[in-house]
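The file entry.pdb comes next; it holds PDB, C-alpha atoms.
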```pdb
ATOM      1  CA  LEU A   1     182.695 -43.754  10.414  1.00  0.00           C
ATOM      2  CA  SER A   2     181.953 -47.459  10.501  1.00  0.00           C
ATOM      3  CA  SER A   3     184.655 -49.344  12.368  1.00  0.00           C
ATOM      4  CA  ASP A   4     183.664 -52.450  10.442  1.00  0.00           C
ATOM      5  CA  GLY A   5     186.366 -53.232   7.901  1.00  0.00           C
ATOM      6  CA  LYS A   6     183.729 -55.037   5.835  1.00  0.00           C
ATOM      7  CA  SER A   7     182.010 -51.874   4.601  1.00  0.00           C
ATOM      8  CA  ILE A   8     182.840 -50.080   1.365  1.00  0.00           C
ATOM      9  CA  ALA A   9     181.774 -47.278  -0.931  1.00  0.00           C
ATOM     10  CA  VAL A  10     182.663 -47.350  -4.615  1.00  0.00           C
ATOM     11  CA  LEU A  11     183.112 -43.816  -5.892  1.00  0.00           C
ATOM     12  CA  PRO A  12     182.556 -42.971  -9.556  1.00  0.00           C
ATOM     13  CA  PHE A  13     185.788 -43.462 -11.466  1.00  0.00           C
ATOM     14  CA  VAL A  14     187.349 -40.342 -12.965  1.00  0.00           C
ATOM     15  CA  ASN A  15     187.191 -40.106 -16.754  1.00  0.00           C
ATOM     16  CA  MET A  16     190.775 -39.433 -17.870  1.00  0.00           C
ATOM     17  CA  SER A  17     190.036 -39.937 -21.567  1.00  0.00           C
ATOM     18  CA  GLY A  18     190.037 -36.238 -22.395  1.00  0.00           C
ATOM     19  CA  ASP A  19     186.563 -36.611 -23.911  1.00  0.00           C
ATOM     20  CA  ARG A  20     183.615 -35.766 -21.668  1.00  0.00           C
ATOM     21  CA  GLU A  21     181.518 -38.104 -23.801  1.00  0.00           C
ATOM     22  CA  ASN A  22     183.390 -41.046 -22.221  1.00  0.00           C
ATOM     23  CA  ALA A  23     182.148 -40.245 -18.703  1.00  0.00           C
ATOM     24  CA  TYR A  24     179.389 -42.856 -19.112  1.00  0.00           C
ATOM     25  CA  PHE A  25     182.094 -45.506 -19.565  1.00  0.00           C
ATOM     26  CA  SER A  26     184.019 -44.527 -16.405  1.00  0.00           C
ATOM     27  CA  ASP A  27     180.814 -44.477 -14.367  1.00  0.00           C
ATOM     28  CA  GLY A  28     179.798 -47.824 -15.856  1.00  0.00           C
ATOM     29  CA  VAL A  29     183.072 -49.484 -14.874  1.00  0.00           C
ATOM     30  CA  ALA A  30     182.671 -48.304 -11.261  1.00  0.00           C
ATOM     31  CA  GLU A  31     179.011 -49.336 -11.207  1.00  0.00           C
ATOM     32  CA  GLU A  32     179.736 -52.852 -12.454  1.00  0.00           C
ATOM     33  CA  ILE A  33     182.416 -53.298  -9.767  1.00  0.00           C
ATOM     34  CA  LEU A  34     179.918 -52.018  -7.173  1.00  0.00           C
ATOM     35  CA  ASN A  35     177.317 -54.526  -8.437  1.00  0.00           C
ATOM     36  CA  VAL A  36     179.725 -57.461  -8.051  1.00  0.00           C
ATOM     37  CA  LEU A  37     180.683 -56.359  -4.517  1.00  0.00           C
ATOM     38  CA  ALA A  38     177.040 -55.741  -3.524  1.00  0.00           C
ATOM     39  CA  ARG A  39     176.148 -59.412  -4.110  1.00  0.00           C
ATOM     40  CA  THR A  40     178.426 -60.397  -1.208  1.00  0.00           C
ATOM     41  CA  PRO A  41     176.413 -60.926   1.994  1.00  0.00           C
ATOM     42  CA  ASP A  42     179.440 -60.354   4.280  1.00  0.00           C
ATOM     43  CA  LEU A  43     180.047 -56.928   2.784  1.00  0.00           C
ATOM     44  CA  HIS A  44     178.109 -53.710   3.413  1.00  0.00           C
ATOM     45  CA  VAL A  45     178.231 -51.681   0.171  1.00  0.00           C
ATOM     46  CA  ALA A  46     176.992 -48.089   0.091  1.00  0.00           C
ATOM     47  CA  ALA A  47     174.256 -47.532  -2.476  1.00  0.00           C
ATOM     48  CA  ARG A  48     175.248 -46.268  -5.903  1.00  0.00           C
ATOM     49  CA  THR A  49     173.075 -43.160  -5.621  1.00  0.00           C
ATOM     50  CA  SER A  50     174.720 -42.224  -2.327  1.00  0.00           C
ATOM     51  CA  SER A  51     178.316 -42.896  -3.342  1.00  0.00           C
ATOM     52  CA  PHE A  52     177.962 -41.356  -6.815  1.00  0.00           C
ATOM     53  CA  SER A  53     176.582 -38.155  -5.249  1.00  0.00           C
ATOM     54  CA  PHE A  54     180.204 -37.323  -4.358  1.00  0.00           C
ATOM     55  CA  GLN A  55     181.209 -37.088  -8.015  1.00  0.00           C
ATOM     56  CA  ASP A  56     183.135 -33.853  -8.674  1.00  0.00           C
ATOM     57  CA  LYS A  57     183.049 -32.885  -4.982  1.00  0.00           C
ATOM     58  CA  ALA A  58     186.269 -31.731  -3.318  1.00  0.00           C
ATOM     59  CA  LEU A  59     186.035 -33.828  -0.150  1.00  0.00           C
ATOM     60  CA  GLY A  60     188.651 -36.050   1.413  1.00  0.00           C
ATOM     61  CA  ILE A  61     188.172 -39.806   1.675  1.00  0.00           C
ATOM     62  CA  PRO A  62     187.622 -39.762   5.488  1.00  0.00           C
ATOM     63  CA  ALA A  63     184.817 -37.191   5.112  1.00  0.00           C
ATOM     64  CA  ILE A  64     183.148 -39.192   2.325  1.00  0.00           C
ATOM     65  CA  ALA A  65     183.442 -42.402   4.360  1.00  0.00           C
ATOM     66  CA  ARG A  66     181.888 -40.710   7.401  1.00  0.00           C
ATOM     67  CA  ALA A  67     178.977 -39.433   5.295  1.00  0.00           C
ATOM     68  CA  LEU A  68     178.389 -42.928   3.861  1.00  0.00           C
ATOM     69  CA  ASN A  69     179.152 -44.763   7.136  1.00  0.00           C
ATOM     70  CA  VAL A  70     181.766 -47.039   5.563  1.00  0.00           C
ATOM     71  CA  ARG A  71     185.324 -47.915   6.467  1.00  0.00           C
ATOM     72  CA  MET A  72     186.790 -48.598   3.005  1.00  0.00           C
ATOM     73  CA  VAL A  73     186.533 -46.508  -0.164  1.00  0.00           C
ATOM     74  CA  LEU A  74     187.353 -47.592  -3.704  1.00  0.00           C
ATOM     75  CA  GLU A  75     188.302 -44.837  -6.113  1.00  0.00           C
ATOM     76  CA  GLY A  76     189.840 -44.965  -9.531  1.00  0.00           C
ATOM     77  CA  SER A  77     190.247 -43.580 -13.002  1.00  0.00           C
ATOM     78  CA  VAL A  78     189.620 -44.807 -16.527  1.00  0.00           C
ATOM     79  CA  ARG A  79     191.433 -43.784 -19.690  1.00  0.00           C
ATOM     80  CA  LYS A  80     189.865 -45.160 -22.856  1.00  0.00           C
ATOM     81  CA  GLN A  81     191.764 -44.587 -26.065  1.00  0.00           C
ATOM     82  CA  GLY A  82     190.833 -46.386 -29.248  1.00  0.00           C
ATOM     83  CA  GLU A  83     190.843 -50.106 -28.530  1.00  0.00           C
ATOM     84  CA  ARG A  84     192.869 -49.745 -25.296  1.00  0.00           C
ATOM     85  CA  VAL A  85     191.803 -49.010 -21.756  1.00  0.00           C
ATOM     86  CA  ARG A  86     193.779 -48.171 -18.624  1.00  0.00           C
ATOM     87  CA  ILE A  87     192.035 -48.517 -15.297  1.00  0.00           C
ATOM     88  CA  ALA A  88     193.713 -47.475 -12.067  1.00  0.00           C
ATOM     89  CA  ALA A  89     191.976 -48.397  -8.801  1.00  0.00           C
ATOM     90  CA  GLN A  90     192.848 -47.731  -5.176  1.00  0.00           C
ATOM     91  CA  LEU A  91     191.283 -49.098  -2.000  1.00  0.00           C
ATOM     92  CA  ILE A  92     191.631 -46.707   0.923  1.00  0.00           C
ATOM     93  CA  ASP A  93     191.072 -47.390   4.621  1.00  0.00           C
ATOM     94  CA  ALA A  94     189.248 -44.217   5.682  1.00  0.00           C
ATOM     95  CA  ALA A  95     190.143 -44.706   9.356  1.00  0.00           C
ATOM     96  CA  THR A  96     193.820 -44.146   8.573  1.00  0.00           C
ATOM     97  CA  ASP A  97     193.538 -42.553   5.103  1.00  0.00           C
ATOM     98  CA  ASP A  98     196.052 -45.188   3.944  1.00  0.00           C
ATOM     99  CA  GLU A  99     196.031 -46.987   0.648  1.00  0.00           C
ATOM    100  CA  VAL A 100     195.421 -50.689   1.310  1.00  0.00           C
ATOM    101  CA  TRP A 101     195.570 -51.880  -2.289  1.00  0.00           C
ATOM    102  CA  SER A 102     196.139 -50.344  -5.700  1.00  0.00           C
ATOM    103  CA  GLN A 103     196.574 -51.652  -9.194  1.00  0.00           C
ATOM    104  CA  THR A 104     196.745 -50.323 -12.740  1.00  0.00           C
ATOM    105  CA  TYR A 105     195.364 -52.401 -15.583  1.00  0.00           C
ATOM    106  CA  ASP A 106     196.547 -51.680 -19.137  1.00  0.00           C
ATOM    107  CA  ARG A 107     194.593 -53.861 -21.515  1.00  0.00           C
ATOM    108  CA  GLU A 108     192.677 -54.072 -24.739  1.00  0.00           C
ATOM    109  CA  LEU A 109     189.109 -52.817 -24.506  1.00  0.00           C
ATOM    110  CA  LYS A 110     187.831 -56.332 -25.223  1.00  0.00           C
ATOM    111  CA  ASP A 111     189.228 -57.323 -21.774  1.00  0.00           C
ATOM    112  CA  ILE A 112     187.043 -54.795 -19.896  1.00  0.00           C
ATOM    113  CA  PHE A 113     184.826 -57.532 -18.445  1.00  0.00           C
ATOM    114  CA  ALA A 114     187.761 -59.477 -17.052  1.00  0.00           C
ATOM    115  CA  ILE A 115     189.313 -56.309 -15.600  1.00  0.00           C
ATOM    116  CA  GLN A 116     186.115 -55.422 -13.699  1.00  0.00           C
ATOM    117  CA  ASP A 117     185.921 -58.924 -12.255  1.00  0.00           C
ATOM    118  CA  GLU A 118     189.649 -58.887 -11.365  1.00  0.00           C
ATOM    119  CA  ILE A 119     189.255 -55.596  -9.489  1.00  0.00           C
ATOM    120  CA  ALA A 120     186.238 -56.902  -7.560  1.00  0.00           C
ATOM    121  CA  ARG A 121     188.121 -60.110  -6.657  1.00  0.00           C
ATOM    122  CA  ALA A 122     191.176 -58.113  -5.543  1.00  0.00           C
ATOM    123  CA  ILE A 123     188.974 -55.916  -3.331  1.00  0.00           C
ATOM    124  CA  GLY A 124     187.371 -59.027  -1.835  1.00  0.00           C
ATOM    125  CA  ASP A 125     190.822 -60.472  -1.120  1.00  0.00           C
ATOM    126  CA  ALA A 126     192.065 -57.195   0.418  1.00  0.00           C
ATOM    127  CA  MET A 127     188.970 -57.003   2.629  1.00  0.00           C
ATOM    128  CA  GLU A 128     189.154 -60.732   3.394  1.00  0.00           C
ATOM    129  CA  VAL A 129     185.664 -61.561   2.111  1.00  0.00           C
ATOM    130  CA  LYS A 130     184.666 -64.205  -0.379  1.00  0.00           C
ATOM    131  CA  LEU A 131     182.676 -62.683  -3.208  1.00  0.00           C
ATOM    132  CA  ALA A 132     179.272 -64.233  -3.706  1.00  0.00           C
ATOM    133  CA  GLY A 133     178.014 -65.205  -7.125  1.00  0.00           C
ATOM    134  CA  GLY A 134     181.321 -64.630  -8.864  1.00  0.00           C
ATOM    135  CA  PRO A 135     181.569 -65.364 -12.543  1.00  0.00           C
ATOM    136  CA  GLN A 136     181.801 -68.961 -13.663  1.00  0.00           C
ATOM    137  CA  PRO A 137     184.658 -70.064 -15.908  1.00  0.00           C
ATOM    138  CA  GLY A 138     184.219 -68.544 -19.347  1.00  0.00           C
ATOM    139  CA  LYS A 139     181.598 -66.072 -18.040  1.00  0.00           C
ATOM    140  CA  ASN A 140     181.749 -62.576 -16.586  1.00  0.00           C
ATOM    141  CA  SER A 141     179.651 -60.626 -14.104  1.00  0.00           C
ATOM    142  CA  VAL A 142     178.359 -58.273 -16.796  1.00  0.00           C
ATOM    143  CA  GLY A 143     176.326 -60.880 -18.688  1.00  0.00           C
ATOM    144  CA  THR A 144     177.646 -60.280 -22.199  1.00  0.00           C
ATOM    145  CA  THR A 145     180.909 -60.530 -24.045  1.00  0.00           C
ATOM    146  CA  ASN A 146     179.629 -58.294 -26.840  1.00  0.00           C
ATOM    147  CA  LEU A 147     181.408 -54.927 -26.482  1.00  0.00           C
ATOM    148  CA  GLN A 148     178.848 -53.113 -28.644  1.00  0.00           C
ATOM    149  CA  ALA A 149     175.945 -54.380 -26.519  1.00  0.00           C
ATOM    150  CA  TYR A 150     177.809 -53.466 -23.339  1.00  0.00           C
ATOM    151  CA  ASP A 151     178.708 -49.982 -24.587  1.00  0.00           C
ATOM    152  CA  LEU A 152     175.086 -49.290 -25.599  1.00  0.00           C
ATOM    153  CA  TYR A 153     173.944 -50.536 -22.195  1.00  0.00           C
ATOM    154  CA  LEU A 154     176.390 -48.237 -20.338  1.00  0.00           C
ATOM    155  CA  ARG A 155     175.258 -45.259 -22.438  1.00  0.00           C
ATOM    156  CA  GLY A 156     171.660 -46.142 -21.562  1.00  0.00           C
ATOM    157  CA  ILE A 157     172.435 -46.362 -17.838  1.00  0.00           C
ATOM    158  CA  ALA A 158     174.119 -42.931 -17.921  1.00  0.00           C
ATOM    159  CA  LEU A 159     171.030 -41.389 -19.514  1.00  0.00           C
ATOM    160  CA  TRP A 160     168.672 -43.269 -17.190  1.00  0.00           C
ATOM    161  CA  GLN A 161     170.519 -41.860 -14.159  1.00  0.00           C
ATOM    162  CA  GLN A 162     169.658 -38.310 -15.321  1.00  0.00           C
ATOM    163  CA  ARG A 163     165.956 -38.976 -14.549  1.00  0.00           C
ATOM    164  CA  ARG A 164     164.692 -36.583 -17.276  1.00  0.00           C
ATOM    165  CA  GLY A 165     161.909 -37.459 -19.711  1.00  0.00           C
ATOM    166  CA  ASP A 166     163.950 -37.045 -22.896  1.00  0.00           C
ATOM    167  CA  ALA A 167     166.956 -38.855 -21.444  1.00  0.00           C
ATOM    168  CA  LEU A 168     164.753 -41.746 -20.293  1.00  0.00           C
ATOM    169  CA  TRP A 169     163.382 -42.250 -23.799  1.00  0.00           C
ATOM    170  CA  GLN A 170     166.907 -42.178 -25.223  1.00  0.00           C
ATOM    171  CA  ALA A 171     167.988 -44.702 -22.573  1.00  0.00           C
ATOM    172  CA  ILE A 172     165.161 -47.070 -23.535  1.00  0.00           C
ATOM    173  CA  ASP A 173     166.255 -46.859 -27.169  1.00  0.00           C
ATOM    174  CA  LEU A 174     169.863 -47.665 -26.210  1.00  0.00           C
ATOM    175  CA  PHE A 175     168.780 -50.629 -24.058  1.00  0.00           C
ATOM    176  CA  ASP A 176     166.751 -51.895 -27.018  1.00  0.00           C
ATOM    177  CA  GLN A 177     169.786 -51.529 -29.299  1.00  0.00           C
ATOM    178  CA  SER A 178     171.922 -53.427 -26.763  1.00  0.00           C
ATOM    179  CA  THR A 179     169.541 -56.393 -26.836  1.00  0.00           C
ATOM    180  CA  ARG A 180     169.559 -56.388 -30.629  1.00  0.00           C
ATOM    181  CA  ALA A 181     173.378 -56.487 -30.527  1.00  0.00           C
ATOM    182  CA  ASP A 182     173.227 -59.425 -28.056  1.00  0.00           C
ATOM    183  CA  PRO A 183     169.775 -61.058 -27.764  1.00  0.00           C
ATOM    184  CA  LYS A 184     170.952 -62.987 -24.658  1.00  0.00           C
ATOM    185  CA  PHE A 185     172.011 -59.852 -22.733  1.00  0.00           C
ATOM    186  CA  ALA A 186     169.659 -59.902 -19.742  1.00  0.00           C
ATOM    187  CA  GLN A 187     170.778 -56.542 -18.325  1.00  0.00           C
ATOM    188  CA  GLY A 188     169.878 -54.880 -21.630  1.00  0.00           C
ATOM    189  CA  TYR A 189     166.334 -56.261 -21.302  1.00  0.00           C
ATOM    190  CA  ALA A 190     166.197 -55.240 -17.644  1.00  0.00           C
ATOM    191  CA  GLY A 191     167.116 -51.690 -18.660  1.00  0.00           C
TER     192      GLY A 191
END
```
Whole structure, structure tokens version:
Amino acid sequence: LSSDGKSIAVLPFVNMSGDRENAYFSDGVAEEILNVLARTPDLHVAARTSSFSFQDKALGIPAIARALNVRMVLEGSVRKQGERVRIAAQLIDAATDDEVWSQTYDRELKDIFAIQDEIARAIGDAMEVKLAGGPQPGKNSVGTTNLQAYDLYLRGIALWQQRRGDALWQAIDLFDQSTRADPKFAQGYAG
């Protein structure tokens, strides 16, 4: 277990929506928070592939932190219902298994970008690091304010992570649709 308090793993957020089809959205929220944190030079962030490998595994936070060699672990849940979303996030110090920070966000789905950035900023504050490359006023870390483009992108990422031929082709189609929904959405093109 890393004794460095400036190391973190972001676990996949639990889909509490009651619809397995929404798992892509929960994973996407966690991944976007991870991406914001990973741009911070003073912070060691466990790789997505490593931290997401613990999805649906019955292990305690200290064991996961030891396996990933991090001190802090961010876990959470997402409940998406219609045009509303509830995100609960907790930051745990694996050395003591104590909750350092927690917050629940109840907002309209259109605020998803702001929520992700707020969570990342709160984690940075709790860990006493200044986030690098944070969003500028009127912008967000995701790169689009178009919910349709963002949703298509998250669906594409979920399929891309499966690493199967048919899923990869479907992912490419979804990325293409996301760029048609927002022609300025760089992450859609990157996908």
Identify all residues satisfying the PyMOL selection byres ((chain A and resi 17) around 12) in the given file; provide them as a list in words. Phe13, Val14, Asn15, Met16, Gly18, Asp19, Arg20, Glu21, Asn22, Ala23, Tyr24, Phe25, Ser26, Ser77, Val78, Arg79, Lys80, Gln81, Gly82, Arg84, Val85, Arg86 and Ile87 of chain A
In the coordinates of the file, take the point (176.5, -43.6, -1.2) and a cut-off of 7 Å; then, counting all atoms listed in the file, name each qualifying protein, DNA or RNA residue as an mmCIF file with C-alpha atoms, in the frame of the given file.
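The result, stored in result-v9.cif:
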```cif
data_model
loop_
_atom_site.group_PDB
_atom_site.id
_atom_site.type_symbol
_atom_site.label_atom_id
_atom_site.label_comp_id
_atom_site.auth_asym_id
_atom_site.auth_seq_id
_atom_site.Cartn_x
_atom_site.Cartn_y
_atom_site.Cartn_z
ATOM 1 C CA ALA A 9 181.774 -47.278 -0.931
ATOM 2 C CA ALA A 46 176.992 -48.089 0.091
ATOM 3 C CA ALA A 47 174.256 -47.532 -2.476
ATOM 4 C CA ARG A 48 175.248 -46.268 -5.903
ATOM 5 C CA THR A 49 173.075 -43.160 -5.621
ATOM 6 C CA SER A 50 174.720 -42.224 -2.327
ATOM 7 C CA SER A 51 178.316 -42.896 -3.342
ATOM 8 C CA PHE A 52 177.962 -41.356 -6.815
ATOM 9 C CA SER A 53 176.582 -38.155 -5.249
ATOM 10 C CA LEU A 68 178.389 -42.928 3.861
#
```
Around the point (168.0, -42.4, -15.2) in the file's coordinates, collect all residues with an atom within 10 Å, using all atoms listed in the file, and return them as a PyMOL selection string. chain A and resi 156-165+167-169+171-172+191
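When atom CA of A:Arg107 is paired with atom CA of A:Met72, their separation reads 26.3 Å.
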Picked residues, the PyMOL selection byres ((chain A and resi 142-155) around 6), expected as a list in words: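 Given this file, the PyMOL selection byres ((chain A and resi 142-155) around 6) evaluates to Tyr24, Gly28, Asn140, Ser141, Gly156, Ile157, Ala158, Leu174, Phe175, Ser178, Ala181, Asp182, Phe185 and Gly188 of chain A.
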Can you pull out the residues contacting A:Ile119? Cut-off 12 Å, using only C-alpha atoms, and skip same-chain residues under 3 positions away; I want them as a PyMOL selection string. chain A and resi 10+29-30+32-34+36-37+74-76+87-91+101-105+112-116+122-126+131+141
Using the chain letters and numbers from the file, give me the residues hit by the PyMOL selection byres ((chain A and resi 70) around 9), as a count of residues only. 22
So what do you get for atom CA of A:Ala186 versus atom CA of A:Glu118, distance-wise? 21.7 Å
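With atom CA of A:Asp117 on one side and atom CA of A:Arg180 on the other, the separation reads 24.7 Å.
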Nearest to A:Ile92 by atom-to-atom distance, counting all atoms listed in the file, from A:Glu128, A:Tyr189, A:Leu11, A:Thr40: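 Once distances to A:Ile92 are computed over all atoms listed in the file, the minimum belongs to A:Leu11.
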